[in-house]
Amino acid sequence: MNIMEKLEVLTDAAKYDVACTSSGVDRPAIPGALGSAVKAGICHSFAADGRCISLLKVLLSNDCAFDCSYCVNRRSQDTPRASFTPEELCRLTIEFYRRNYIEGLFLSSAVVKNPDYTCELMLKTLRMLREKEKFWGYVHVKAIPGADPALTEKLGFYADRMSVNIELPSQKSLTLLAPQKSKEKILAPMGQIRDGIRENATDLVRYKAAPRFVPAGQSTQMIIGATPESDRQILNLTEGLYKKYSLKRVFFSAYMPVVEHRNLPAPTTPPPLLREHRLYQADWLLRFYGFQAGEILDDEHPDFDPLLDPKCNWAVHHISQFPIEVNRAPYEMLLRVPGIGVKSAMRIRSARRWAKLDFEGLKKLGVVLKRARYFITCQGKSISPLPMDNPAVIAGAIRERGFAQNGGALQSWQGEALPALEQLSLFTPTPKDKVQCLTGQI
Amino acid sequence: MAANLVYRYDGSLQGFLCCVAQSFFDKAVPAGIGAWDDPQATLFPIKEVETDWQLAKRLERSITSRISPEAWDMVQRGFLTCMEEKELRLLRFILLGYKMGPRVARLSTNEDVHALDKALLYLKNEAHYHVEFLRFTDFGGFLGAVITPNNTILPLIVHHFCSRLNTEDFMIYEKTHQMGFLHRKGGAHQFFQADHIQFPEKTDMEKRCQALWRIYYDAAAVEGRENPKLRRGHMPMRYWVNMTEFQRG
Ligand code: SF4
């Protein structure tokens with residue numbers, strides 16, 4: 001196979017991986033080395049599906065020894081196999097980088113022979129890239145579950161970000177669909193990376209020249225909708241991962257049926273994009289809004305409301321805590337008002353120190369009142385157009401009406417746009433998807 | 001008071017500052033200010049304004065100290081924008097600044113300040129687009145790129161490329177404003193003016209590399225998920241002409 005064919009096959013095999021940001025670390029250039037990294041990340045192109053292209057995201061090899069049933073590269077699948085040599089992949093990265101096509105490399109691989117062997121190949125590639133070619137751009141590397149911890153650690157010193165894919169949200173699903181993987185094998189490198197980052201932080205305090213271990217942190221991703229876990233289970237797992245493993249990000253990826261298998265949804269099943277979207281919203285609440293997973297979903301409501309975003313959903317179910325007085329309510333409560341984002345809440349907090357706020361004042365601060373008006377008062381006054389005693393009525397008024405027609409609905413919620421550079425979803429749903437999601441799977 | 005005449009200057013920032021000084025001297029705002037090579041014909045009598053570097057320097061200091069460093073920064077960047085009648089607007093902005101002081105930078109209710117804000121945002125965005133979408137071609141030993149922005153963004157992006165590509169010889173040519181930038185390995189660099197730049201033929205190696213990039217670009221998209229609107233939203237089509245992934249055939 002020539003390099004062109006290899007590139008095609010190995011790009012194709014890697015593109016379903018979601019986590020393709022180049023963000024998280026500021027690393028100024030140094031004389032004599034090629035490249036730098038910027039904290040916000042840089043997109044260099046947008047593919048025909050509208051997703052950002054930032055890193056050269058390829059597999060080192062798709063010649064897998066494992067047989068995970070949801071995966072296109074599994075051993076029993078009849079598909080063209082290809083592997084880059086470390087030299088080829090290095091050359092490609094450097095040549096693309098010099099021409100400003102990419103921000104760096106996203107290196108992942110199927111299991112070639114066994115996890116250690118694969119890890120060695122990846123290590124060889126990164127060592128060549130960093131030491132021989134003096135490449136100073138961004139590198140994201142995917143740890144291989146089951147590999148020797150010493151090898152994983154070495155990878156970490158060459159990478160900016162590392163990730164281990166959780167793959168499926170429970171041990172049961174893993175056993176069913178990815179028999180060669182196990183929770184332990186996945187969590188072990190995750191814990192190791194966490195400890196490596198911590199130790200490195202103390203080393204850095206002690207001597208500044210300590211080599212940096214995964215400076216942009218670690219992330220993970222899991223497949224949603226291939227297996228029967230409830231949203232609540234997934235969200236609890238997510239919360240646990242943030243807490244236990246200090247992850248920077250958890251990515252969700254709606255399952256695209258790529259293979260036929262008796263344990264998997266039929267190939268005609270639309271990917272559960274709305275569900276993925278709700279998970280990202282809930283993830284946002286966990287990370288920036290001070291919510292606990294148990295508040296967002298519970299035993300009685302184990303799944304997201306397709307028509308109400310999780311924050312609105314919480315507010316409607318806790319209507320007795322509203323309305324709150326914007327001039328007095330604690331910051332944490334402001335954050336819980338539908339329609340008030342982190343930016344707005346901070347603006348309110350600083351503005352109310354100087355003057356009593358009224359609704360005009362809120363508008364001047366840029367607070368969007370469309371949904372917030374049901375949940376707040378200003379100096380005792382309410383402008384809610386509806387009586388507040390029936391939560392169902394409020395829910396009806398603030399639900400995402402026109403979701404299916406309004407293409408903008410997914411880009412932003414609560415009046416605040418999601419960070420533009422970060423890719424939040426593998427697929428930006430087409431209007432058709434949204435209709436299918438609303439009527440079909442969920 | 002408005003004067004019925006038009007200033008002509010050499011198109012440089014220093015020249016423009018001398019126009020500002022001239023307007024102080026005339027105690028009037030001219031009907032227009034235009035560069036020598038500006039094709040617009042005018043019915044008003046023309047006053048040629050000489051560029052005096054000393055005078056320009058004095059004005060810079062005066063704006064910085066009597067208005068604010070921020071206002072000076074806005075003037076400098078404003079001069080790079082493609083705002084309509086940018087010289088007149090900037091002149092009025094400066095006059096307003098002398099009246100209002102540092103507050104002028106926030107007076108977005110004023111028409112000139114508002115227009116300047118908008119133009120500066122466009123400048124910033126367009127510069128960022130070029131950090132993202134500029135494409136180099138390897139001409140055997142040195143990298144070359146051609147860009148066609150509406151604003152003069154070259155001065156804003158070269159720093160990024162100089163540090164990142166400090167190991168490369170490269171040249172960026174801003175065709176719209178016939179302005180170029182040359183960087184040599186190790187750091188030596190300079191801006192230059194040129195009506196036209198002729199790059200050498202692409203080598204076979206280069207053609208292969210570009211073909212590889214196009215293969216990657218195509219393979220990275222998920223079939224059946226085309227979303228042209230989203231793609232255009234992130235990556236305006238007017239930049240595509242200079243991008244390798246769209247140069248086919
Ligand atoms: S280990 Fe499993 S998921 Fe990974 S490439 Fe192999 S078959 Fe696919």
# chains A, B, ... in the order shown; residues from 1 in each chain; ligands from 1
$ closest_atom_pairs --of "chain A" --to "chain B" --cutoff "7 Å" --atoms "only C-alpha atoms" --output "tab-separated table"
residue	atom	partner	partner_atom	distance
A:Met4	CA	B:Leu212	CA	6.2
A:Leu7	CA	B:Tyr216	CA	6.7
A:Glu8	CA	B:Ala219	CA	6.1
A:Thr11	CA	B:Ala219	CA	6.1
A:Asp12	CA	B:Ala219	CA	5.6
A:Lys15	CA	B:Ala220	CA	5.8
A:Ala29	CA	B:Arg164	CA	5.5
A:Pro31	CA	B:Asn166	CA	6.3
A:Gly32	CA	B:Thr167	CA	5.7
A:Ala33	CA	B:Thr167	CA	6.4
A:Leu34	CA	B:Leu165	CA	5.8
A:Gly35	CA	B:Arg164	CA	4.4
A:Ser36	CA	B:Arg164	CA	5.5
A:Ile42	CA	B:Glu132	CA	6.4
A:Cys43	CA	B:Glu132	CA	5.9
A:His44	CA	B:Glu132	CA	4.6
A:Ser45	CA	B:Phe133	CA	6.5
A:Phe46	CA	B:Arg231	CA	5.8
A:Ala47	CA	B:Ala221	CA	5.3
A:Ala48	CA	B:Glu226	CA	5.3
A:Asp49	CA	B:Glu226	CA	4.3
A:Gly50	CA	B:Arg231	CA	4.2
A:Arg99	CA	B:Phe136	CA	4.4
A:Asn100	CA	B:Arg135	CA	5.6
A:Tyr101	CA	B:Arg135	CA	6.7
$ residues_around --residues "stretch 326-339 of chain A" --least-positions-apart "6" --cutoff "8 Å" --atoms "only C-alpha atoms" --output "PyMOL selection string"
chain A and resi 289-290+311-312+315+345-346+348-349+352+356-357+367-372+375-379+413-415
$ residues_near_ligand --ligand "ligand 1" --cutoff "6 Å" --atoms "only C-alpha atoms and all ligand atoms" --output "PyMOL selection string"
chain A and resi 64+66-68+71+73-74+110-111
$ residues_around --residues "A:Asn390" --least-positions-apart "5" --cutoff "10 Å" --atoms "only C-alpha atoms" --output "list of chain:residue names"
A:Val316, A:Ile319, A:Ala395
$ residues_around --residues "B:Gln76" --least-positions-apart "5" --cutoff "12 Å" --atoms "only C-alpha atoms" --output "count of residues only"
23
$ atom_distance --atom1 "atom CA of A:Arg194" --atom2 "atom CA of A:Tyr158"
15.6 Å
$ atom_distance --atom1 "atom CA of B:Gly249" --atom2 "atom CA of B:Asp204"
15.3 Å
$ closest_residue --among "B:Met100, B:Leu121, B:Leu95, B:Val49" --to "B:Cys82" --atoms "only C-alpha atoms"
B:Leu121
$ select_by_dssp --residues "stretch 33-237 of chain B" --states "strand (DSSP E)" --output "PyMOL selection string"
chain B and resi 33-35+46-48+137-138+143-147+170-174+179-183+189-193
$ write_last_selection --atoms "N, CA, C and O atoms" --output "short mmCIF file (atom, residue, chain, number, x, y, z; two decimals), in the first residue's frame"
data_model
loop_
_atom_site.label_atom_id
_atom_site.label_comp_id
_atom_site.auth_asym_id
_atom_site.auth_seq_id
_atom_site.Cartn_x
_atom_site.Cartn_y
_atom_site.Cartn_z
N ILE B 33 -10.21 62.59 2.93
CA ILE B 33 -8.77 62.35 2.99
C ILE B 33 -8.52 61.09 2.18
O ILE B 33 -9.19 60.07 2.38
N GLY B 34 -7.58 61.14 1.25
CA GLY B 34 -7.35 59.95 0.44
C GLY B 34 -5.88 59.79 0.12
O GLY B 34 -5.11 60.75 0.15
N ALA B 35 -5.49 58.54 -0.16
CA ALA B 35 -4.10 58.29 -0.52
C ALA B 35 -3.88 58.69 -1.98
O ALA B 35 -4.81 58.79 -2.76
N ILE B 46 -7.74 69.94 -4.18
CA ILE B 46 -6.92 68.99 -3.45
C ILE B 46 -5.77 69.68 -2.76
O ILE B 46 -5.12 70.55 -3.33
N LYS B 47 -5.54 69.28 -1.51
CA LYS B 47 -4.36 69.80 -0.82
C LYS B 47 -3.41 68.64 -0.58
O LYS B 47 -3.79 67.63 0.03
N GLU B 48 -2.20 68.74 -1.09
CA GLU B 48 -1.21 67.68 -0.87
C GLU B 48 -0.62 67.85 0.52
O GLU B 48 -0.19 68.94 0.89
N THR B 137 3.10 26.90 0.81
CA THR B 137 3.55 25.95 -0.19
C THR B 137 5.07 25.90 -0.07
O THR B 137 5.70 26.94 0.09
N ASP B 138 5.62 24.70 -0.13
CA ASP B 138 7.07 24.59 -0.06
C ASP B 138 7.64 24.71 -1.48
O ASP B 138 7.37 23.86 -2.33
N LEU B 143 9.16 28.51 2.24
CA LEU B 143 7.70 28.41 2.23
C LEU B 143 7.11 29.73 1.76
O LEU B 143 7.58 30.80 2.15
N GLY B 144 6.09 29.64 0.93
CA GLY B 144 5.45 30.86 0.46
C GLY B 144 3.95 30.77 0.61
O GLY B 144 3.37 29.71 0.45
N ALA B 145 3.32 31.90 0.96
CA ALA B 145 1.86 31.92 1.08
C ALA B 145 1.32 33.20 0.48
O ALA B 145 1.95 34.26 0.59
N VAL B 146 0.18 33.12 -0.18
CA VAL B 146 -0.49 34.30 -0.69
C VAL B 146 -1.82 34.43 0.03
O VAL B 146 -2.55 33.46 0.18
N ILE B 147 -2.12 35.64 0.51
CA ILE B 147 -3.41 35.85 1.16
C ILE B 147 -4.10 37.06 0.54
O ILE B 147 -3.43 37.95 -0.01
N PHE B 170 10.49 31.75 5.28
CA PHE B 170 9.16 31.85 4.67
C PHE B 170 8.81 33.26 4.22
O PHE B 170 9.43 34.23 4.65
N MET B 171 7.83 33.32 3.34
CA MET B 171 7.36 34.60 2.84
C MET B 171 5.85 34.59 2.78
O MET B 171 5.24 33.60 2.36
N ILE B 172 5.23 35.65 3.27
CA ILE B 172 3.78 35.78 3.13
C ILE B 172 3.51 37.02 2.30
O ILE B 172 4.07 38.09 2.57
N TYR B 173 2.69 36.87 1.28
CA TYR B 173 2.40 38.01 0.42
C TYR B 173 0.92 38.36 0.51
O TYR B 173 0.06 37.54 0.21
N GLU B 174 0.65 39.58 0.95
CA GLU B 174 -0.73 40.05 1.02
C GLU B 174 -1.05 40.76 -0.27
O GLU B 174 -0.73 41.93 -0.45
N MET B 179 1.67 43.87 -0.23
CA MET B 179 2.63 44.00 0.85
C MET B 179 3.10 42.60 1.22
O MET B 179 2.32 41.65 1.19
N GLY B 180 4.39 42.50 1.49
CA GLY B 180 4.91 41.17 1.78
C GLY B 180 5.72 41.16 3.06
O GLY B 180 6.04 42.21 3.64
N PHE B 181 6.02 39.94 3.50
CA PHE B 181 6.83 39.78 4.70
C PHE B 181 7.76 38.61 4.49
O PHE B 181 7.36 37.55 4.00
N LEU B 182 9.01 38.82 4.82
CA LEU B 182 10.02 37.82 4.58
C LEU B 182 10.69 37.45 5.90
O LEU B 182 11.04 38.33 6.68
N HIS B 183 10.80 36.16 6.14
CA HIS B 183 11.43 35.71 7.38
C HIS B 183 12.53 34.71 7.07
O HIS B 183 12.34 33.82 6.24
N HIS B 189 14.00 39.40 9.66
CA HIS B 189 12.75 39.52 8.91
C HIS B 189 12.51 40.94 8.46
O HIS B 189 13.09 41.88 9.01
N GLN B 190 11.66 41.11 7.46
CA GLN B 190 11.33 42.46 7.02
C GLN B 190 10.03 42.49 6.22
O GLN B 190 9.64 41.50 5.61
N PHE B 191 9.36 43.63 6.27
CA PHE B 191 8.21 43.86 5.40
C PHE B 191 8.72 44.43 4.10
O PHE B 191 9.76 45.09 4.06
N PHE B 192 7.99 44.22 3.02
CA PHE B 192 8.36 44.87 1.76
C PHE B 192 7.12 45.15 0.93
O PHE B 192 6.05 44.59 1.18
N GLN B 193 7.25 46.06 -0.04
CA GLN B 193 6.17 46.37 -0.96
C GLN B 193 6.49 45.73 -2.30
O GLN B 193 7.64 45.78 -2.74
#
$ residues_around --residues "A:Asp231" --least-positions-apart "5" --cutoff "12 Å" --atoms "only C-alpha atoms" --output "count of residues only"
31
$ atom_distance --atom1 "atom CA of A:Phe84" --atom2 "atom CA of A:Ala143"
17.7 Å
$ select_by_dssp --residues "stretch 111-304 of chain A" --states "helix (DSSP H, G or I)" --output "number ranges by chain"
A: 115-132, 149-158, 171-177, 183-206, 231-245, 273-288, 293-296
$ decode --residues "stretch 136-147 of chain B" --atoms "all heavy atoms" --output "mmCIF file, in the first residue's frame"
data_model
loop_
_atom_site.group_PDB
_atom_site.id
_atom_site.type_symbol
_atom_site.label_atom_id
_atom_site.label_comp_id
_atom_site.auth_asym_id
_atom_site.auth_seq_id
_atom_site.Cartn_x
_atom_site.Cartn_y
_atom_site.Cartn_z
ATOM 1 N N PHE B 136 0.818 27.443 3.507
ATOM 2 C CA PHE B 136 2.115 27.598 2.867
ATOM 3 C C PHE B 136 2.312 26.540 1.792
ATOM 4 O O PHE B 136 1.784 25.430 1.881
ATOM 5 C CB PHE B 136 3.235 27.453 3.896
ATOM 6 C CG PHE B 136 3.417 28.655 4.766
ATOM 7 C CD1 PHE B 136 3.074 28.619 6.107
ATOM 8 C CD2 PHE B 136 3.944 29.835 4.246
ATOM 9 C CE1 PHE B 136 3.242 29.722 6.922
ATOM 10 C CE2 PHE B 136 4.121 30.952 5.053
ATOM 11 C CZ PHE B 136 3.769 30.892 6.399
ATOM 12 N N THR B 137 3.102 26.905 0.809
ATOM 13 C CA THR B 137 3.552 25.955 -0.192
ATOM 14 C C THR B 137 5.066 25.901 -0.073
ATOM 15 O O THR B 137 5.701 26.941 0.091
ATOM 16 C CB THR B 137 3.169 26.453 -1.598
ATOM 17 O OG1 THR B 137 1.757 26.600 -1.647
ATOM 18 C CG2 THR B 137 3.616 25.486 -2.661
ATOM 19 N N ASP B 138 5.621 24.703 -0.127
ATOM 20 C CA ASP B 138 7.074 24.589 -0.063
ATOM 21 C C ASP B 138 7.645 24.712 -1.480
ATOM 22 O O ASP B 138 7.373 23.863 -2.332
ATOM 23 C CB ASP B 138 7.458 23.239 0.555
ATOM 24 C CG ASP B 138 8.957 23.152 0.824
ATOM 25 O OD1 ASP B 138 9.728 23.857 0.122
ATOM 26 O OD2 ASP B 138 9.364 22.399 1.724
ATOM 27 N N PHE B 139 8.380 25.781 -1.732
ATOM 28 C CA PHE B 139 8.951 25.987 -3.059
ATOM 29 C C PHE B 139 10.395 25.513 -3.105
ATOM 30 O O PHE B 139 11.249 26.161 -3.703
ATOM 31 C CB PHE B 139 8.847 27.459 -3.463
ATOM 32 C CG PHE B 139 7.433 27.886 -3.721
ATOM 33 C CD1 PHE B 139 6.754 28.688 -2.815
ATOM 34 C CD2 PHE B 139 6.761 27.466 -4.865
ATOM 35 C CE1 PHE B 139 5.444 29.072 -3.046
ATOM 36 C CE2 PHE B 139 5.447 27.858 -5.102
ATOM 37 C CZ PHE B 139 4.788 28.659 -4.184
ATOM 38 N N GLY B 140 10.679 24.421 -2.439
ATOM 39 C CA GLY B 140 12.030 23.895 -2.443
ATOM 40 C C GLY B 140 12.943 24.777 -1.619
ATOM 41 O O GLY B 140 13.679 25.607 -2.151
ATOM 42 N N GLY B 141 12.867 24.641 -0.300
ATOM 43 C CA GLY B 141 13.764 25.418 0.541
ATOM 44 C C GLY B 141 13.093 26.573 1.253
ATOM 45 O O GLY B 141 13.481 26.923 2.344
ATOM 46 N N PHE B 142 12.093 27.182 0.625
ATOM 47 C CA PHE B 142 11.386 28.197 1.397
ATOM 48 C C PHE B 142 9.878 28.052 1.222
ATOM 49 O O PHE B 142 9.383 27.522 0.229
ATOM 50 C CB PHE B 142 11.864 29.602 1.045
ATOM 51 C CG PHE B 142 11.197 30.193 -0.155
ATOM 52 C CD1 PHE B 142 10.134 31.075 -0.005
ATOM 53 C CD2 PHE B 142 11.634 29.879 -1.439
ATOM 54 C CE1 PHE B 142 9.508 31.613 -1.113
ATOM 55 C CE2 PHE B 142 11.022 30.428 -2.548
ATOM 56 C CZ PHE B 142 9.950 31.293 -2.388
ATOM 57 N N LEU B 143 9.156 28.511 2.236
ATOM 58 C CA LEU B 143 7.700 28.409 2.233
ATOM 59 C C LEU B 143 7.115 29.726 1.755
ATOM 60 O O LEU B 143 7.582 30.797 2.150
ATOM 61 C CB LEU B 143 7.197 28.121 3.649
ATOM 62 C CG LEU B 143 7.665 26.827 4.310
ATOM 63 C CD1 LEU B 143 7.302 26.835 5.796
ATOM 64 C CD2 LEU B 143 7.055 25.630 3.615
ATOM 65 N N GLY B 144 6.092 29.644 0.934
ATOM 66 C CA GLY B 144 5.449 30.865 0.463
ATOM 67 C C GLY B 144 3.947 30.774 0.611
ATOM 68 O O GLY B 144 3.371 29.705 0.452
ATOM 69 N N ALA B 145 3.316 31.901 0.957
ATOM 70 C CA ALA B 145 1.855 31.917 1.080
ATOM 71 C C ALA B 145 1.324 33.204 0.476
ATOM 72 O O ALA B 145 1.950 34.261 0.595
ATOM 73 C CB ALA B 145 1.438 31.824 2.542
ATOM 74 N N VAL B 146 0.179 33.116 -0.182
ATOM 75 C CA VAL B 146 -0.490 34.305 -0.694
ATOM 76 C C VAL B 146 -1.820 34.433 0.027
ATOM 77 O O VAL B 146 -2.545 33.456 0.181
ATOM 78 C CB VAL B 146 -0.741 34.186 -2.209
ATOM 79 C CG1 VAL B 146 -1.547 35.382 -2.702
ATOM 80 C CG2 VAL B 146 0.571 34.087 -2.949
ATOM 81 N N ILE B 147 -2.124 35.640 0.507
ATOM 82 C CA ILE B 147 -3.413 35.855 1.164
ATOM 83 C C ILE B 147 -4.095 37.063 0.542
ATOM 84 O O ILE B 147 -3.429 37.949 -0.010
ATOM 85 C CB ILE B 147 -3.257 36.077 2.691
ATOM 86 C CG1 ILE B 147 -2.253 37.200 2.982
ATOM 87 C CG2 ILE B 147 -2.822 34.795 3.364
ATOM 88 C CD1 ILE B 147 -2.145 37.541 4.456
#
